[in-house]
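Trainee: Below are the structure tokens for one structure; questions will follow.
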Amino acid sequence: MSIEQQSGSPAERVSTAVDGVEVLGALSPSRAGDFMSCPLLYRFRTIDRLPEPSSPDAVRGSLVHKVLEDLYDLPAAGRTPERARSMLVPTWQALLAEEPEIAEMFSASGEEGPDVDSWLVTCREVLDRYFTLEDPRRLEPAERELYVETLLDSRLLLRGFVDRVDIAPNGDIRVVDYKTGRSPGERYEAKALFQMKFYALVIWRTRGVIPAMLQLVYLGNSEIMRYVPDEQDLLATERKVEAIWHAIRRAEESGDWRPNPSKLCDWCAHHALCPAFGGTPPPLPAPVVHTDSGALTPEDVDAPGPTPAPPPPRA
């Protein structure tokens, strides 16, 4: 079961009503990234709403994010590597209680899936790397797992979830996102930053302040990517988001949701329905519903950006 399939969307629980305004649609950074990487993938996820299986990597991302979120509920002195490790198994057990079907992707022997004990060791290693990059005893985040949204003048609603927002005594805002994967290569850095610029745009439009720092914390290889945005950056991001939305509308009107084969196809769950792999997409639903559901997906939680660095070749 994918995170997107959970009953009830976090966005639906916390989003604000847009009174008196006919909203054209809604877009999150992950769904915008879907369309940029493959319009057919956008269609499958947002219009057809096809189910996608979760994976040990996606669950690891959710588990580590939850531990890091809860870590900051503790007094500063207690935010140690040892305490984080002690939180891992109880958090895992709570996740299993909510979604018992997750256990099906693991096996005690490792014959049909990864051994859960070995997998938990990898989760612990990811957590340990966090403490080599930041000292949580010296941080007091203003917000964690923050839902943000803003309505552009075009009546396009932008929304998403931010892992952490830090506010300095002088009012400077730092937007932080954790990634349990590895940092992208230089060729993909701009695409990785799109997600963060998207969040910065929403915060600027809602709070009137441009974030002073965007920070991506990659726990897969212990690296931090930092970027200082300015007004021109965010105006360009707004134009890009608008252009993506217009392209989505054109695809809706034409019915042309063409695939864009790439190495990212190795991660796609829809080969059987994709023309690039000899498949046939299902008939389009009528009427087409092209608005982002706002559901919290694995891509929102733990993606390096709309088009992450290609995965290594399959063995």
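Just so we're on the same page: first chain in the structure tokens is A, next is B, and so on; residues restart at 1 for each chain, and ligands are numbered from 1 in the order they show up.
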Please, which residues of segment 26-164 of chain A, numbered as in this document, come out alpha helix (DSSP H) from DSSP, as a short mmCIF file (atom, residue, chain, number, x, y, z; two decimals) with all heavy atoms, in the first residue's frame?
Mentor:
data_model
loop_
_atom_site.label_atom_id
_atom_site.label_comp_id
_atom_site.auth_asym_id
_atom_site.auth_seq_id
_atom_site.Cartn_x
_atom_site.Cartn_y
_atom_site.Cartn_z
N PRO A 29 4.96 20.15 -5.59
CA PRO A 29 6.23 20.00 -6.30
C PRO A 29 6.44 18.60 -6.87
O PRO A 29 7.02 18.44 -7.94
CB PRO A 29 7.29 20.35 -5.24
CG PRO A 29 6.59 20.27 -3.93
CD PRO A 29 5.16 20.59 -4.19
N SER A 30 5.95 17.59 -6.17
CA SER A 30 6.14 16.23 -6.68
C SER A 30 5.31 15.98 -7.93
O SER A 30 5.76 15.35 -8.89
CB SER A 30 5.81 15.19 -5.61
OG SER A 30 4.49 15.35 -5.15
N ARG A 31 4.06 16.51 -7.96
CA ARG A 31 3.24 16.31 -9.15
C ARG A 31 3.76 17.15 -10.31
O ARG A 31 3.72 16.72 -11.46
CB ARG A 31 1.79 16.66 -8.86
CG ARG A 31 1.10 15.75 -7.85
CD ARG A 31 0.87 14.34 -8.36
NE ARG A 31 2.07 13.53 -8.33
CZ ARG A 31 2.53 12.91 -7.25
NH1 ARG A 31 1.89 13.02 -6.11
NH2 ARG A 31 3.63 12.19 -7.30
N ALA A 32 4.25 18.35 -10.04
CA ALA A 32 4.89 19.13 -11.10
C ALA A 32 6.10 18.38 -11.65
O ALA A 32 6.34 18.34 -12.86
CB ALA A 32 5.30 20.50 -10.58
N GLY A 33 6.86 17.76 -10.75
CA GLY A 33 8.01 16.99 -11.17
C GLY A 33 7.61 15.78 -12.00
O GLY A 33 8.31 15.41 -12.95
N ASP A 34 6.48 15.14 -11.64
CA ASP A 34 5.99 14.02 -12.44
C ASP A 34 5.79 14.46 -13.89
O ASP A 34 6.20 13.76 -14.83
CB ASP A 34 4.66 13.50 -11.88
CG ASP A 34 4.81 12.70 -10.62
OD1 ASP A 34 5.94 12.29 -10.29
OD2 ASP A 34 3.79 12.49 -9.93
N PHE A 35 5.12 15.59 -14.07
CA PHE A 35 4.82 16.03 -15.44
C PHE A 35 6.08 16.39 -16.19
O PHE A 35 6.21 16.07 -17.38
CB PHE A 35 3.86 17.21 -15.43
CG PHE A 35 3.36 17.58 -16.80
CD1 PHE A 35 2.28 16.91 -17.35
CD2 PHE A 35 3.99 18.56 -17.55
CE1 PHE A 35 1.83 17.21 -18.63
CE2 PHE A 35 3.54 18.88 -18.82
CZ PHE A 35 2.46 18.20 -19.37
N MET A 36 7.03 17.03 -15.51
CA MET A 36 8.28 17.40 -16.19
C MET A 36 9.07 16.17 -16.61
O MET A 36 9.69 16.16 -17.67
CB MET A 36 9.13 18.28 -15.28
CG MET A 36 8.61 19.71 -15.16
SD MET A 36 9.80 20.80 -14.33
CE MET A 36 9.77 20.15 -12.66
N SER A 37 9.05 15.13 -15.78
CA SER A 37 9.81 13.93 -16.12
C SER A 37 9.06 13.04 -17.09
O SER A 37 9.67 12.43 -17.98
CB SER A 37 10.18 13.14 -14.86
OG SER A 37 9.00 12.68 -14.20
N PRO A 39 4.88 13.11 -18.77
CA PRO A 39 3.46 13.47 -18.71
C PRO A 39 2.55 12.26 -18.47
O PRO A 39 1.53 12.39 -17.79
CB PRO A 39 3.21 14.09 -20.10
CG PRO A 39 4.53 14.67 -20.49
CD PRO A 39 5.54 13.69 -19.96
N LEU A 40 2.91 11.09 -19.00
CA LEU A 40 2.06 9.92 -18.79
C LEU A 40 2.08 9.50 -17.32
O LEU A 40 1.05 9.06 -16.78
CB LEU A 40 2.51 8.76 -19.67
CG LEU A 40 1.63 7.51 -19.64
CD1 LEU A 40 0.20 7.82 -20.06
CD2 LEU A 40 2.21 6.41 -20.51
N LEU A 41 3.23 9.63 -16.67
CA LEU A 41 3.29 9.32 -15.24
C LEU A 41 2.38 10.26 -14.46
O LEU A 41 1.68 9.83 -13.54
CB LEU A 41 4.73 9.43 -14.73
CG LEU A 41 4.92 9.20 -13.23
CD1 LEU A 41 4.52 7.80 -12.83
CD2 LEU A 41 6.38 9.47 -12.83
N TYR A 42 2.39 11.55 -14.82
CA TYR A 42 1.47 12.50 -14.17
C TYR A 42 0.03 12.03 -14.34
O TYR A 42 -0.75 12.03 -13.39
CB TYR A 42 1.65 13.89 -14.78
CG TYR A 42 0.64 14.90 -14.26
CD1 TYR A 42 0.92 15.69 -13.16
CD2 TYR A 42 -0.61 15.03 -14.86
CE1 TYR A 42 0.00 16.59 -12.67
CE2 TYR A 42 -1.55 15.93 -14.38
CZ TYR A 42 -1.24 16.71 -13.28
OH TYR A 42 -2.17 17.59 -12.80
N PRO A 56 10.69 -0.88 0.37
CA PRO A 56 11.49 -0.69 1.58
C PRO A 56 12.18 0.67 1.63
O PRO A 56 12.30 1.26 2.70
CB PRO A 56 12.50 -1.85 1.50
CG PRO A 56 11.79 -2.92 0.74
CD PRO A 56 10.98 -2.17 -0.30
N ASP A 57 12.62 1.18 0.48
CA ASP A 57 13.27 2.50 0.46
C ASP A 57 12.28 3.60 0.86
O ASP A 57 12.63 4.51 1.62
CB ASP A 57 13.84 2.79 -0.92
CG ASP A 57 15.08 1.96 -1.24
OD1 ASP A 57 15.69 1.43 -0.29
OD2 ASP A 57 15.42 1.84 -2.42
N ALA A 58 11.05 3.53 0.32
CA ALA A 58 10.05 4.54 0.66
C ALA A 58 9.68 4.47 2.13
O ALA A 58 9.51 5.50 2.80
CB ALA A 58 8.82 4.37 -0.22
N VAL A 59 9.53 3.25 2.65
CA VAL A 59 9.18 3.10 4.07
C VAL A 59 10.33 3.58 4.95
O VAL A 59 10.10 4.19 6.00
CB VAL A 59 8.82 1.63 4.37
CG1 VAL A 59 8.53 1.44 5.86
CG2 VAL A 59 7.60 1.20 3.56
N ARG A 60 11.57 3.32 4.53
CA ARG A 60 12.72 3.83 5.29
C ARG A 60 12.65 5.35 5.37
O ARG A 60 12.88 5.95 6.44
CB ARG A 60 14.04 3.41 4.64
CG ARG A 60 15.26 3.89 5.43
CD ARG A 60 16.56 3.64 4.67
NE ARG A 60 16.79 2.23 4.43
CZ ARG A 60 16.70 1.65 3.24
NH1 ARG A 60 16.39 2.37 2.16
NH2 ARG A 60 16.92 0.36 3.11
N GLY A 61 12.31 5.99 4.26
CA GLY A 61 12.19 7.45 4.28
C GLY A 61 11.14 7.92 5.25
O GLY A 61 11.36 8.86 6.03
N SER A 62 9.97 7.26 5.25
CA SER A 62 8.90 7.66 6.16
C SER A 62 9.31 7.44 7.61
O SER A 62 9.04 8.29 8.48
CB SER A 62 7.64 6.85 5.86
OG SER A 62 7.20 7.08 4.54
N LEU A 63 9.97 6.31 7.88
CA LEU A 63 10.37 5.98 9.25
C LEU A 63 11.40 6.97 9.78
O LEU A 63 11.27 7.50 10.89
CB LEU A 63 10.92 4.55 9.28
CG LEU A 63 11.43 4.03 10.62
CD1 LEU A 63 10.34 4.06 11.67
CD2 LEU A 63 11.99 2.61 10.45
N VAL A 64 12.42 7.25 8.99
CA VAL A 64 13.47 8.16 9.44
C VAL A 64 12.91 9.58 9.60
O VAL A 64 13.25 10.27 10.57
CB VAL A 64 14.66 8.14 8.45
CG1 VAL A 64 15.65 9.26 8.76
CG2 VAL A 64 15.35 6.79 8.49
N HIS A 65 12.05 10.00 8.69
CA HIS A 65 11.44 11.33 8.83
C HIS A 65 10.66 11.43 10.14
O HIS A 65 10.72 12.47 10.83
CB HIS A 65 10.50 11.60 7.66
CG HIS A 65 11.16 12.19 6.46
ND1 HIS A 65 11.94 11.46 5.60
CD2 HIS A 65 11.18 13.46 5.97
CE1 HIS A 65 12.39 12.24 4.63
NE2 HIS A 65 11.95 13.46 4.85
N LYS A 66 9.92 10.40 10.47
CA LYS A 66 9.12 10.44 11.70
C LYS A 66 10.00 10.49 12.93
O LYS A 66 9.71 11.25 13.88
CB LYS A 66 8.20 9.21 11.74
CG LYS A 66 7.31 9.14 12.97
CD LYS A 66 6.40 10.37 13.08
CE LYS A 66 5.44 10.23 14.26
NZ LYS A 66 4.70 11.52 14.51
N VAL A 67 11.08 9.73 12.95
CA VAL A 67 11.99 9.79 14.10
C VAL A 67 12.60 11.18 14.23
O VAL A 67 12.67 11.73 15.34
CB VAL A 67 13.10 8.72 13.97
CG1 VAL A 67 14.15 8.91 15.07
CG2 VAL A 67 12.51 7.31 14.06
N LEU A 68 13.02 11.76 13.12
CA LEU A 68 13.62 13.11 13.18
C LEU A 68 12.60 14.15 13.60
O LEU A 68 12.92 15.11 14.31
CB LEU A 68 14.24 13.47 11.82
CG LEU A 68 15.48 12.67 11.43
CD1 LEU A 68 15.96 13.08 10.04
CD2 LEU A 68 16.59 12.86 12.45
N GLU A 69 11.35 13.97 13.16
CA GLU A 69 10.30 14.89 13.60
C GLU A 69 10.10 14.80 15.11
O GLU A 69 10.06 15.81 15.82
CB GLU A 69 9.00 14.58 12.87
CG GLU A 69 7.84 15.49 13.30
CD GLU A 69 6.51 15.06 12.71
OE1 GLU A 69 6.47 14.05 11.97
OE2 GLU A 69 5.50 15.74 12.99
N ASP A 70 9.98 13.57 15.62
CA ASP A 70 9.71 13.37 17.04
C ASP A 70 10.92 13.71 17.90
O ASP A 70 10.76 14.04 19.09
CB ASP A 70 9.29 11.93 17.30
CG ASP A 70 7.94 11.60 16.69
OD1 ASP A 70 7.21 12.54 16.31
OD2 ASP A 70 7.61 10.39 16.58
N LEU A 71 12.12 13.61 17.34
CA LEU A 71 13.33 13.92 18.10
C LEU A 71 13.27 15.33 18.67
O LEU A 71 13.73 15.58 19.80
CB LEU A 71 14.56 13.75 17.20
CG LEU A 71 15.92 13.89 17.88
CD1 LEU A 71 16.19 12.72 18.81
CD2 LEU A 71 17.02 13.98 16.81
N PRO A 81 22.35 10.81 19.40
CA PRO A 81 22.27 9.63 18.52
C PRO A 81 21.69 8.41 19.23
O PRO A 81 20.91 7.65 18.65
CB PRO A 81 23.72 9.41 18.10
CG PRO A 81 24.38 10.74 18.24
CD PRO A 81 23.71 11.39 19.41
N GLU A 82 22.08 8.23 20.48
CA GLU A 82 21.59 7.07 21.23
C GLU A 82 20.08 7.13 21.41
O GLU A 82 19.38 6.12 21.26
CB GLU A 82 22.28 7.01 22.61
CG GLU A 82 23.77 6.76 22.57
CD GLU A 82 24.58 7.98 22.15
OE1 GLU A 82 24.03 9.12 22.24
OE2 GLU A 82 25.75 7.81 21.73
N ARG A 83 19.57 8.32 21.70
CA ARG A 83 18.12 8.45 21.88
C ARG A 83 17.38 8.23 20.56
O ARG A 83 16.32 7.61 20.52
CB ARG A 83 17.78 9.83 22.47
CG ARG A 83 16.32 9.97 22.83
CD ARG A 83 15.89 8.94 23.88
NE ARG A 83 14.48 8.99 24.17
CZ ARG A 83 13.91 9.81 25.07
NH1 ARG A 83 14.68 10.66 25.75
NH2 ARG A 83 12.63 9.77 25.29
N ALA A 84 17.94 8.75 19.48
CA ALA A 84 17.31 8.54 18.17
C ALA A 84 17.25 7.06 17.84
O ALA A 84 16.24 6.56 17.33
CB ALA A 84 18.08 9.31 17.10
N ARG A 85 18.36 6.33 18.11
CA ARG A 85 18.36 4.89 17.84
C ARG A 85 17.29 4.19 18.67
O ARG A 85 16.63 3.27 18.19
CB ARG A 85 19.74 4.31 18.16
CG ARG A 85 20.84 4.77 17.24
CD ARG A 85 22.12 3.97 17.49
NE ARG A 85 23.29 4.74 17.07
CZ ARG A 85 24.19 5.24 17.90
NH1 ARG A 85 24.07 5.06 19.20
NH2 ARG A 85 25.22 5.92 17.42
N SER A 86 17.12 4.62 19.91
CA SER A 86 16.13 3.96 20.78
C SER A 86 14.70 4.23 20.33
O SER A 86 13.79 3.48 20.66
CB SER A 86 16.31 4.44 22.23
OG SER A 86 15.85 5.79 22.40
N MET A 87 14.50 5.30 19.56
CA MET A 87 13.17 5.64 19.07
C MET A 87 12.81 4.87 17.81
O MET A 87 11.63 4.80 17.43
CB MET A 87 13.09 7.15 18.79
CG MET A 87 13.26 8.02 20.02
SD MET A 87 13.57 9.77 19.60
CE MET A 87 12.03 10.19 18.79
N LEU A 88 13.80 4.29 17.15
CA LEU A 88 13.58 3.70 15.83
C LEU A 88 12.59 2.53 15.87
O LEU A 88 11.60 2.52 15.12
CB LEU A 88 14.91 3.25 15.24
CG LEU A 88 14.88 2.80 13.79
CD1 LEU A 88 14.51 3.96 12.87
CD2 LEU A 88 16.23 2.23 13.37
N VAL A 89 12.82 1.56 16.73
CA VAL A 89 11.96 0.37 16.76
C VAL A 89 10.54 0.71 17.22
O VAL A 89 9.57 0.27 16.58
CB VAL A 89 12.59 -0.74 17.63
CG1 VAL A 89 11.59 -1.88 17.84
CG2 VAL A 89 13.85 -1.28 16.95
N PRO A 90 10.35 1.49 18.29
CA PRO A 90 8.98 1.86 18.64
C PRO A 90 8.25 2.61 17.53
O PRO A 90 7.04 2.41 17.31
CB PRO A 90 9.15 2.75 19.89
CG PRO A 90 10.46 2.33 20.47
CD PRO A 90 11.32 1.97 19.30
N THR A 91 8.97 3.47 16.81
CA THR A 91 8.34 4.18 15.69
C THR A 91 7.97 3.21 14.58
O THR A 91 6.91 3.33 13.96
CB THR A 91 9.28 5.28 15.17
OG1 THR A 91 9.65 6.15 16.24
CG2 THR A 91 8.62 6.11 14.08
N TRP A 92 8.84 2.24 14.32
CA TRP A 92 8.57 1.20 13.33
C TRP A 92 7.34 0.39 13.73
O TRP A 92 6.47 0.10 12.91
CB TRP A 92 9.80 0.33 13.17
CG TRP A 92 9.60 -0.98 12.45
CD1 TRP A 92 9.84 -2.23 12.94
CD2 TRP A 92 9.15 -1.16 11.11
NE1 TRP A 92 9.57 -3.18 12.00
CE2 TRP A 92 9.14 -2.55 10.85
CE3 TRP A 92 8.76 -0.29 10.10
CZ2 TRP A 92 8.74 -3.09 9.64
CZ3 TRP A 92 8.35 -0.83 8.88
CH2 TRP A 92 8.35 -2.20 8.66
N GLN A 93 7.24 0.03 15.00
CA GLN A 93 6.10 -0.75 15.47
C GLN A 93 4.80 0.05 15.36
O GLN A 93 3.75 -0.50 15.01
CB GLN A 93 6.34 -1.19 16.91
CG GLN A 93 7.47 -2.20 17.04
CD GLN A 93 7.86 -2.49 18.48
OE1 GLN A 93 7.59 -1.69 19.39
NE2 GLN A 93 8.52 -3.63 18.70
N ALA A 94 4.87 1.36 15.63
CA ALA A 94 3.68 2.19 15.47
C ALA A 94 3.27 2.28 14.02
O ALA A 94 2.07 2.27 13.69
CB ALA A 94 3.96 3.59 16.04
N LEU A 95 4.25 2.37 13.11
CA LEU A 95 3.94 2.41 11.68
C LEU A 95 3.29 1.11 11.23
O LEU A 95 2.32 1.11 10.46
CB LEU A 95 5.22 2.68 10.89
CG LEU A 95 5.10 2.79 9.37
CD1 LEU A 95 4.16 3.92 8.98
CD2 LEU A 95 6.47 3.01 8.74
N LEU A 96 3.80 -0.02 11.72
CA LEU A 96 3.21 -1.32 11.39
C LEU A 96 1.79 -1.44 11.92
O LEU A 96 0.92 -2.03 11.27
CB LEU A 96 4.06 -2.45 11.98
CG LEU A 96 5.30 -2.87 11.19
CD1 LEU A 96 6.03 -3.99 11.94
CD2 LEU A 96 4.93 -3.34 9.79
N ALA A 97 1.54 -0.87 13.10
CA ALA A 97 0.19 -0.94 13.66
C ALA A 97 -0.80 -0.17 12.78
O ALA A 97 -1.96 -0.57 12.64
CB ALA A 97 0.19 -0.38 15.08
N GLU A 98 -0.34 0.93 12.19
CA GLU A 98 -1.21 1.73 11.33
C GLU A 98 -1.36 1.09 9.95
O GLU A 98 -2.43 1.16 9.34
CB GLU A 98 -0.63 3.14 11.16
CG GLU A 98 -0.66 3.97 12.43
CD GLU A 98 -0.06 5.35 12.21
OE1 GLU A 98 0.32 5.66 11.06
OE2 GLU A 98 0.02 6.12 13.18
N VAL A 116 13.91 -7.97 7.79
CA VAL A 116 13.51 -6.75 8.48
C VAL A 116 14.59 -6.27 9.46
O VAL A 116 14.81 -5.06 9.61
CB VAL A 116 12.15 -6.94 9.19
CG1 VAL A 116 12.25 -7.93 10.34
CG2 VAL A 116 11.60 -5.60 9.66
N ASP A 117 15.28 -7.21 10.11
CA ASP A 117 16.31 -6.79 11.06
C ASP A 117 17.48 -6.10 10.33
O ASP A 117 18.00 -5.09 10.80
CB ASP A 117 16.82 -8.00 11.85
CG ASP A 117 15.78 -8.55 12.81
OD1 ASP A 117 14.92 -7.76 13.27
OD2 ASP A 117 15.82 -9.76 13.11
N SER A 118 17.86 -6.68 9.19
CA SER A 118 18.94 -6.05 8.41
C SER A 118 18.49 -4.70 7.87
O SER A 118 19.27 -3.74 7.82
CB SER A 118 19.34 -6.96 7.25
OG SER A 118 19.81 -8.19 7.72
N TRP A 119 17.22 -4.62 7.48
CA TRP A 119 16.69 -3.35 6.96
C TRP A 119 16.68 -2.29 8.06
O TRP A 119 17.03 -1.13 7.81
CB TRP A 119 15.28 -3.60 6.43
CG TRP A 119 14.58 -2.37 5.96
CD1 TRP A 119 14.73 -1.74 4.76
CD2 TRP A 119 13.60 -1.62 6.69
NE1 TRP A 119 13.90 -0.64 4.69
CE2 TRP A 119 13.20 -0.55 5.86
CE3 TRP A 119 13.02 -1.75 7.94
CZ2 TRP A 119 12.24 0.38 6.25
CZ3 TRP A 119 12.08 -0.82 8.35
CH2 TRP A 119 11.70 0.24 7.50
N LEU A 120 16.33 -2.68 9.28
CA LEU A 120 16.33 -1.72 10.39
C LEU A 120 17.75 -1.23 10.68
O LEU A 120 17.94 -0.08 11.10
CB LEU A 120 15.71 -2.34 11.64
CG LEU A 120 14.19 -2.42 11.65
CD1 LEU A 120 13.70 -3.27 12.81
CD2 LEU A 120 13.56 -1.03 11.72
N VAL A 121 18.74 -2.08 10.44
CA VAL A 121 20.13 -1.64 10.61
C VAL A 121 20.43 -0.52 9.63
O VAL A 121 21.09 0.48 9.97
CB VAL A 121 21.10 -2.82 10.41
CG1 VAL A 121 22.54 -2.32 10.30
CG2 VAL A 121 20.99 -3.81 11.56
N THR A 122 19.95 -0.64 8.39
CA THR A 122 20.19 0.44 7.41
C THR A 122 19.48 1.72 7.83
O THR A 122 20.00 2.81 7.60
CB THR A 122 19.73 0.02 6.00
OG1 THR A 122 18.30 -0.11 5.96
CG2 THR A 122 20.37 -1.29 5.59
N CYS A 123 18.31 1.60 8.43
CA CYS A 123 17.61 2.79 8.93
C CYS A 123 18.41 3.45 10.04
O CYS A 123 18.52 4.69 10.10
CB CYS A 123 16.22 2.40 9.46
SG CYS A 123 15.09 1.73 8.22
N ARG A 124 19.01 2.63 10.90
CA ARG A 124 19.82 3.17 12.00
C ARG A 124 21.05 3.88 11.44
O ARG A 124 21.45 4.94 11.95
CB ARG A 124 20.22 2.02 12.93
CG ARG A 124 20.80 2.46 14.26
CD ARG A 124 20.99 1.26 15.19
NE ARG A 124 19.71 0.63 15.49
CZ ARG A 124 19.36 -0.60 15.10
NH1 ARG A 124 20.21 -1.32 14.39
NH2 ARG A 124 18.19 -1.10 15.43
N GLU A 125 21.64 3.32 10.41
CA GLU A 125 22.82 3.95 9.80
C GLU A 125 22.46 5.32 9.21
O GLU A 125 23.24 6.27 9.32
CB GLU A 125 23.39 3.04 8.71
CG GLU A 125 24.02 1.77 9.26
CD GLU A 125 24.37 0.77 8.15
OE1 GLU A 125 23.89 0.98 7.01
OE2 GLU A 125 25.10 -0.20 8.43
N VAL A 126 21.28 5.41 8.58
CA VAL A 126 20.84 6.68 8.02
C VAL A 126 20.65 7.70 9.14
O VAL A 126 21.06 8.87 9.02
CB VAL A 126 19.54 6.48 7.21
CG1 VAL A 126 18.92 7.82 6.86
CG2 VAL A 126 19.81 5.69 5.95
N LEU A 127 20.03 7.28 10.23
CA LEU A 127 19.85 8.18 11.36
C LEU A 127 21.19 8.67 11.92
O LEU A 127 21.35 9.85 12.24
CB LEU A 127 19.06 7.48 12.47
CG LEU A 127 17.54 7.57 12.43
CD1 LEU A 127 16.95 6.75 13.57
CD2 LEU A 127 17.06 9.00 12.51
N ASP A 128 22.14 7.75 12.05
CA ASP A 128 23.45 8.13 12.59
C ASP A 128 24.12 9.20 11.73
O ASP A 128 24.80 10.09 12.25
CB ASP A 128 24.36 6.90 12.68
CG ASP A 128 24.00 5.97 13.83
OD1 ASP A 128 23.23 6.40 14.72
OD2 ASP A 128 24.47 4.81 13.83
N ARG A 129 23.92 9.11 10.41
CA ARG A 129 24.54 10.10 9.53
C ARG A 129 23.99 11.50 9.80
O ARG A 129 24.69 12.49 9.60
CB ARG A 129 24.31 9.72 8.06
CG ARG A 129 25.08 8.51 7.62
CD ARG A 129 25.04 8.33 6.11
NE ARG A 129 25.48 6.99 5.73
CZ ARG A 129 24.69 6.04 5.28
NH1 ARG A 129 23.39 6.29 5.11
NH2 ARG A 129 25.15 4.85 4.97
N TYR A 130 22.74 11.58 10.21
CA TYR A 130 22.15 12.90 10.47
C TYR A 130 22.99 13.66 11.49
O TYR A 130 23.22 14.87 11.34
CB TYR A 130 20.71 12.76 10.97
CG TYR A 130 20.14 14.08 11.42
CD1 TYR A 130 19.88 15.09 10.50
CD2 TYR A 130 19.94 14.35 12.77
CE1 TYR A 130 19.40 16.33 10.91
CE2 TYR A 130 19.45 15.58 13.19
CZ TYR A 130 19.18 16.56 12.26
OH TYR A 130 18.72 17.78 12.67
N PHE A 131 23.47 12.96 12.51
CA PHE A 131 24.20 13.64 13.59
C PHE A 131 25.60 14.06 13.17
O PHE A 131 26.26 14.81 13.89
CB PHE A 131 24.24 12.72 14.82
CG PHE A 131 22.90 12.55 15.47
CD1 PHE A 131 22.04 11.55 15.05
CD2 PHE A 131 22.49 13.40 16.48
CE1 PHE A 131 20.80 11.39 15.63
CE2 PHE A 131 21.25 13.24 17.07
CZ PHE A 131 20.39 12.24 16.64
N THR A 132 26.08 13.59 12.03
CA THR A 132 27.35 14.08 11.50
C THR A 132 27.17 15.37 10.72
O THR A 132 28.16 16.04 10.39
CB THR A 132 28.00 13.02 10.58
OG1 THR A 132 27.23 12.90 9.38
CG2 THR A 132 28.09 11.67 11.27
N LEU A 133 25.92 15.73 10.43
CA LEU A 133 25.64 16.90 9.61
C LEU A 133 25.05 18.06 10.42
O LEU A 133 25.29 19.23 10.10
CB LEU A 133 24.66 16.53 8.49
CG LEU A 133 25.16 15.45 7.52
CD1 LEU A 133 24.03 15.02 6.59
CD2 LEU A 133 26.34 15.98 6.71
#
Trainee: Mind checking which residues fall within 8 Å of Leu146 of chain A, counting only C-alpha atoms, ignoring those fewer than 5 positions away in the same chain, and posting them as a PyMOL selection string?
Mentor: chain A and resi 161-165
Trainee: Go through A:His246, A:Lys263, A:Lys240, A:Arg174 and flag the residue nearest Ala212 of chain A, using only C-alpha atoms for the distances.
Mentor: A:Arg174
Trainee: Name the closest residue to Tyr227 of chain A among the candidates A:Trp257, A:Trp267, A:Tyr72, A:Phe194; distances are taken between atoms, counting only C-alpha atoms.
Mentor: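 Among the listed residues, the smallest separation from Tyr227 of chain A belongs to A:Phe194.
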Trainee: Counting only C-alpha atoms, which of A:Pro53, A:Pro283, A:Pro259, A:Gly171 gets nearest to Arg207 of chain A?
Mentor: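 The shortest atom-to-atom distance to Arg207 of chain A comes from A:Gly171.
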Trainee: Return as a VMD selection string the full set of residues in segment 1-250 of chain A whose backbone-based DSSP assignment is strand (DSSP E).
Mentor: chain A and resid 25 to 27 143 to 151 156 to 167 173 to 179 213 to 218 223 to 227
Trainee: Excluding Leu214 of chain A and any residue of its chain fewer than 6 positions from it, enumerate the residues within 9 Å of it, using only C-alpha atoms, and give them as a list of chain:residue names.
Mentor: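 Answer for this query is A:Ile173, A:Arg174, A:Val175, A:Val176, A:Asp177, A:Leu193, A:Met196, A:Lys197, A:Ala200, A:Met225, A:Arg226, A:Tyr227, A:Val228, A:Pro229.
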Trainee: Generate a file of the selected residues that holds N, CA, C and O atoms, formatted as a short mmCIF file (atom, residue, chain, number, x, y, z; two decimals), in the first residue's frame.
Mentor:
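Okay, this is what ended up in again-v9.cif:
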data_model
loop_
_atom_site.label_atom_id
_atom_site.label_comp_id
_atom_site.auth_asym_id
_atom_site.auth_seq_id
_atom_site.Cartn_x
_atom_site.Cartn_y
_atom_site.Cartn_z
N ILE A 173 14.57 33.12 7.59
CA ILE A 173 13.91 31.81 7.50
C ILE A 173 14.81 30.84 6.74
O ILE A 173 15.33 31.16 5.68
N ARG A 174 14.97 29.65 7.30
CA ARG A 174 15.68 28.57 6.62
C ARG A 174 14.69 27.42 6.41
O ARG A 174 14.05 26.96 7.34
N VAL A 175 14.60 26.96 5.16
CA VAL A 175 13.72 25.84 4.81
C VAL A 175 14.59 24.60 4.66
O VAL A 175 15.55 24.60 3.89
N VAL A 176 14.26 23.54 5.41
CA VAL A 176 15.10 22.35 5.46
C VAL A 176 14.29 21.14 5.03
O VAL A 176 13.13 20.97 5.45
N ASP A 177 14.90 20.29 4.20
CA ASP A 177 14.25 19.07 3.77
C ASP A 177 15.23 17.91 3.93
O ASP A 177 16.40 18.03 3.54
N LEU A 193 16.74 21.28 -6.67
CA LEU A 193 16.40 22.53 -5.98
C LEU A 193 15.02 23.05 -6.36
O LEU A 193 14.48 23.92 -5.67
N MET A 196 12.62 22.85 -3.51
CA MET A 196 12.86 23.82 -2.44
C MET A 196 12.46 25.23 -2.87
O MET A 196 11.93 26.01 -2.07
N LYS A 197 12.71 25.57 -4.13
CA LYS A 197 12.29 26.88 -4.62
C LYS A 197 10.77 26.98 -4.65
O LYS A 197 10.19 28.06 -4.41
N ALA A 200 9.86 27.75 -1.18
CA ALA A 200 10.24 29.13 -0.88
C ALA A 200 9.25 30.11 -1.50
O ALA A 200 8.89 31.13 -0.88
N MET A 225 23.16 20.25 0.73
CA MET A 225 23.12 21.20 -0.38
C MET A 225 22.42 22.46 0.12
O MET A 225 21.30 22.39 0.63
N ARG A 226 23.08 23.60 -0.01
CA ARG A 226 22.50 24.87 0.43
C ARG A 226 22.35 25.81 -0.76
O ARG A 226 23.20 25.82 -1.65
N TYR A 227 21.31 26.63 -0.69
CA TYR A 227 21.08 27.59 -1.77
C TYR A 227 20.41 28.83 -1.18
O TYR A 227 19.51 28.73 -0.36
N VAL A 228 20.88 29.98 -1.63
CA VAL A 228 20.31 31.26 -1.18
C VAL A 228 19.45 31.82 -2.31
O VAL A 228 19.98 32.26 -3.34
N PRO A 229 18.13 31.80 -2.16
CA PRO A 229 17.26 32.30 -3.23
C PRO A 229 17.12 33.81 -3.17
O PRO A 229 17.37 34.44 -2.14
#
